[in-house]
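Below: one structure, written as structure tokens.
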Amino acid sequence: MPWRPMTAEDLDEVQVLADTIHVDHPEDREVLAERRRLYPQGCLMMIEDGRAIGYALTHPWRLGEPPPLNEPLGKLPEAPTTYYIHDVALLPTARGKGYAAQAANRLIEHARAAGFDNLSLVAVNRSQAFWERIGFRVLTRSGLEAKLTSYGPDAVLMVQDLASPNRDA
């Protein structure tokens, strides 16, 4: 499997990928570095033919409270209630090869092993259907509309209950 743990040395490549993939929602290097520093076991790099073509940033968090974009977390919650997928990002040339599903499956297994009973994320860039195929569902929370809009016009909060039956990816 071409996904591997992200290292501190990968952060320059992560920044280039983030700037290329998320043109409308840039994040500062310090924000990306902090996510990796706070929860390195939840950060992955996708390498194909020796070249970085994607990354994943994830961490424990609070269900129904997606962190704002491009802002430091400060610290992880002492009593997290979800395993949060901040980003699974792939270059356009890497899409359609099953890499996102590989990352999702790896993150789901990590969340289970770490004792979480759910994962959550904000689906953006028309990715809602992908996340639904692997078992996520939309989670509606009043008061989140403005925050979700900052992620983009099609942003939706999603959750996967790990107690639900396994799904095909």
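By order of appearance in the structure tokens: chains A, B, ..., then residues from 1 within every chain, and ligands from 1 in the order shown.
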Report as JSON, numbers by chain: the residues of segment 33-92 of chain A with a DSSP assignment of strand (DSSP E or B), based on the backbone of this structure. {"A": [43, 44, 45, 46, 47, 48, 51, 52, 53, 54, 55, 56, 57, 58, 59, 60, 61, 82, 83, 84, 85, 86, 87, 88, 89, 90]}
Mind checking which residues fall within 10 Å of segment 111-124 of chain A, counting only C-alpha atoms, ignoring those fewer than 2 positions away in the same chain, and posting them as a PDB file with C-alpha atoms, in the first residue's frame?
ATOM      1  CA  GLY A  42      -3.168  10.116  12.269  1.00  0.00           C
ATOM      2  CA  THR A  58      -6.648  13.380  11.194  1.00  0.00           C
ATOM      3  CA  HIS A  59      -6.933  13.703  14.966  1.00  0.00           C
ATOM      4  CA  PRO A  60      -9.227  13.179  17.938  1.00  0.00           C
ATOM      5  CA  TRP A  61     -11.788  15.971  18.367  1.00  0.00           C
ATOM      6  CA  ARG A  62     -15.315  16.853  19.538  1.00  0.00           C
ATOM      7  CA  LEU A  63     -18.280  15.488  17.562  1.00  0.00           C
ATOM      8  CA  GLY A  64     -20.367  18.171  15.899  1.00  0.00           C
ATOM      9  CA  GLU A  65     -17.722  20.881  16.345  1.00  0.00           C
ATOM     10  CA  PRO A  66     -15.517  20.857  13.245  1.00  0.00           C
ATOM     11  CA  PRO A  67     -12.443  23.004  13.780  1.00  0.00           C
ATOM     12  CA  PRO A  80     -12.517  13.595  22.548  1.00  0.00           C
ATOM     13  CA  THR A  81     -15.853  12.333  21.232  1.00  0.00           C
ATOM     14  CA  THR A  82     -14.890  11.670  17.609  1.00  0.00           C
ATOM     15  CA  TYR A  83     -11.971  10.778  15.404  1.00  0.00           C
ATOM     16  CA  TYR A  84     -11.912  13.741  13.022  1.00  0.00           C
ATOM     17  CA  ILE A  85     -10.717  13.506   9.421  1.00  0.00           C
ATOM     18  CA  HIS A  86      -9.400  16.991   8.727  1.00  0.00           C
ATOM     19  CA  ASP A  87      -8.281  16.240   5.191  1.00  0.00           C
ATOM     20  CA  VAL A  88      -7.731  13.428   2.723  1.00  0.00           C
ATOM     21  CA  ASN A 105     -10.160   2.232   5.446  1.00  0.00           C
ATOM     22  CA  ARG A 106      -6.820   2.735   7.173  1.00  0.00           C
ATOM     23  CA  LEU A 107      -8.203   5.684   9.179  1.00  0.00           C
ATOM     24  CA  ILE A 108     -11.353   3.774  10.131  1.00  0.00           C
ATOM     25  CA  GLU A 109      -9.269   0.870  11.415  1.00  0.00           C
ATOM     26  CA  ARG A 126     -18.406  17.332  -4.148  1.00  0.00           C
ATOM     27  CA  SER A 127     -16.989  14.498  -2.018  1.00  0.00           C
ATOM     28  CA  GLN A 128     -20.194  13.736  -0.081  1.00  0.00           C
ATOM     29  CA  ALA A 129     -21.138  10.800  -2.346  1.00  0.00           C
ATOM     30  CA  PHE A 130     -17.699   9.217  -1.864  1.00  0.00           C
ATOM     31  CA  TRP A 131     -17.971   9.397   1.929  1.00  0.00           C
ATOM     32  CA  GLU A 132     -21.543   8.046   1.824  1.00  0.00           C
ATOM     33  CA  PHE A 136     -20.682   8.111   6.394  1.00  0.00           C
ATOM     34  CA  ARG A 137     -23.992   9.964   6.739  1.00  0.00           C
ATOM     35  CA  VAL A 138     -24.838  13.644   6.980  1.00  0.00           C
ATOM     36  CA  LEU A 139     -25.040  14.936  10.547  1.00  0.00           C
ATOM     37  CA  LEU A 148     -19.686  25.000   7.219  1.00  0.00           C
ATOM     38  CA  TYR A 151     -15.489  25.267   4.015  1.00  0.00           C
ATOM     39  CA  GLY A 152     -17.314  25.893   0.733  1.00  0.00           C
ATOM     40  CA  PRO A 153     -20.853  26.007  -0.654  1.00  0.00           C
ATOM     41  CA  ASP A 154     -21.332  22.221  -0.708  1.00  0.00           C
ATOM     42  CA  ALA A 155     -19.780  21.498   2.714  1.00  0.00           C
ATOM     43  CA  VAL A 156     -21.629  19.045   4.954  1.00  0.00           C
ATOM     44  CA  LEU A 157     -20.767  17.584   8.330  1.00  0.00           C
ATOM     45  CA  MET A 158     -20.686  13.791   8.173  1.00  0.00           C
ATOM     46  CA  VAL A 159     -20.281  10.993  10.687  1.00  0.00           C
ATOM     47  CA  GLN A 160     -19.696   7.252  10.591  1.00  0.00           C
ATOM     48  CA  ASP A 161     -20.809   5.158  13.531  1.00  0.00           C
ATOM     49  CA  LEU A 162     -18.225   2.429  13.999  1.00  0.00           C
ATOM     50  CA  ALA A 163     -20.815   0.188  15.639  1.00  0.00           C
ATOM     51  CA  SER A 164     -22.719   0.023  12.316  1.00  0.00           C
TER      52      SER A 164
END
Given only C-alpha atoms as the basis, pick out the residue of A:Asp19, A:Met6, A:Glu71, A:Glu27 nearest to Leu57 of chain A.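 Counting only C-alpha atoms, the residue closest to Leu57 of chain A is A:Met6.
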Using backbone DSSP assignments, extract all alpha helix (DSSP H) residues from chain A; output them as a PyMOL selection string. chain A and resi 11-21+29-38+99-113+128-133+145-151
Filtering to C-alpha atoms, could you give me those residues as a PDB file, in the first residue's frame?
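Writing the result to out19.pdb gives the following:
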ATOM      1  CA  LEU A  11       5.659  19.149   5.592  1.00  0.00           C
ATOM      2  CA  ASP A  12       7.102  21.130   2.676  1.00  0.00           C
ATOM      3  CA  GLU A  13       5.547  18.626   0.266  1.00  0.00           C
ATOM      4  CA  VAL A  14       2.282  18.675   2.222  1.00  0.00           C
ATOM      5  CA  GLN A  15       2.173  22.461   1.867  1.00  0.00           C
ATOM      6  CA  VAL A  16       2.729  22.254  -1.899  1.00  0.00           C
ATOM      7  CA  LEU A  17       0.004  19.620  -2.205  1.00  0.00           C
ATOM      8  CA  ALA A  18      -2.414  21.593  -0.012  1.00  0.00           C
ATOM      9  CA  ASP A  19      -1.815  24.789  -2.002  1.00  0.00           C
ATOM     10  CA  THR A  20      -2.349  22.909  -5.273  1.00  0.00           C
ATOM     11  CA  ILE A  21      -5.414  20.925  -4.214  1.00  0.00           C
ATOM     12  CA  ARG A  29       2.174  25.593   7.011  1.00  0.00           C
ATOM     13  CA  GLU A  30       2.036  26.201  10.773  1.00  0.00           C
ATOM     14  CA  VAL A  31      -1.534  24.875  10.904  1.00  0.00           C
ATOM     15  CA  LEU A  32      -0.633  21.749   8.924  1.00  0.00           C
ATOM     16  CA  ALA A  33       2.499  21.221  11.026  1.00  0.00           C
ATOM     17  CA  GLU A  34       0.531  21.590  14.259  1.00  0.00           C
ATOM     18  CA  ARG A  35      -1.980  18.917  13.208  1.00  0.00           C
ATOM     19  CA  ARG A  36       0.898  16.537  12.507  1.00  0.00           C
ATOM     20  CA  ARG A  37       2.670  17.426  15.754  1.00  0.00           C
ATOM     21  CA  LEU A  38      -0.462  16.972  17.874  1.00  0.00           C
ATOM     22  CA  TYR A  99      -6.264   5.671  -2.932  1.00  0.00           C
ATOM     23  CA  ALA A 100      -8.931   7.674  -1.069  1.00  0.00           C
ATOM     24  CA  ALA A 101     -10.747   4.467  -0.126  1.00  0.00           C
ATOM     25  CA  GLN A 102      -7.436   2.963   1.042  1.00  0.00           C
ATOM     26  CA  ALA A 103      -6.819   5.979   3.254  1.00  0.00           C
ATOM     27  CA  ALA A 104     -10.380   5.928   4.583  1.00  0.00           C
ATOM     28  CA  ASN A 105     -10.160   2.232   5.446  1.00  0.00           C
ATOM     29  CA  ARG A 106      -6.820   2.735   7.173  1.00  0.00           C
ATOM     30  CA  LEU A 107      -8.203   5.684   9.179  1.00  0.00           C
ATOM     31  CA  ILE A 108     -11.353   3.774  10.131  1.00  0.00           C
ATOM     32  CA  GLU A 109      -9.269   0.870  11.415  1.00  0.00           C
ATOM     33  CA  HIS A 110      -7.018   3.272  13.328  1.00  0.00           C
ATOM     34  CA  ALA A 111     -10.065   4.924  14.927  1.00  0.00           C
ATOM     35  CA  ARG A 112     -11.446   1.517  15.961  1.00  0.00           C
ATOM     36  CA  ALA A 113      -8.107   0.421  17.406  1.00  0.00           C
ATOM     37  CA  GLN A 128     -20.194  13.736  -0.081  1.00  0.00           C
ATOM     38  CA  ALA A 129     -21.138  10.800  -2.346  1.00  0.00           C
ATOM     39  CA  PHE A 130     -17.699   9.217  -1.864  1.00  0.00           C
ATOM     40  CA  TRP A 131     -17.971   9.397   1.929  1.00  0.00           C
ATOM     41  CA  GLU A 132     -21.543   8.046   1.824  1.00  0.00           C
ATOM     42  CA  ARG A 133     -20.330   5.009  -0.170  1.00  0.00           C
ATOM     43  CA  GLU A 145     -24.239  26.823   8.989  1.00  0.00           C
ATOM     44  CA  ALA A 146     -21.762  29.748   9.016  1.00  0.00           C
ATOM     45  CA  LYS A 147     -18.800  27.538   9.911  1.00  0.00           C
ATOM     46  CA  LEU A 148     -19.686  25.000   7.219  1.00  0.00           C
ATOM     47  CA  THR A 149     -20.057  27.760   4.627  1.00  0.00           C
ATOM     48  CA  SER A 150     -16.436  28.721   5.330  1.00  0.00           C
ATOM     49  CA  TYR A 151     -15.489  25.267   4.015  1.00  0.00           C
TER      50      TYR A 151
END
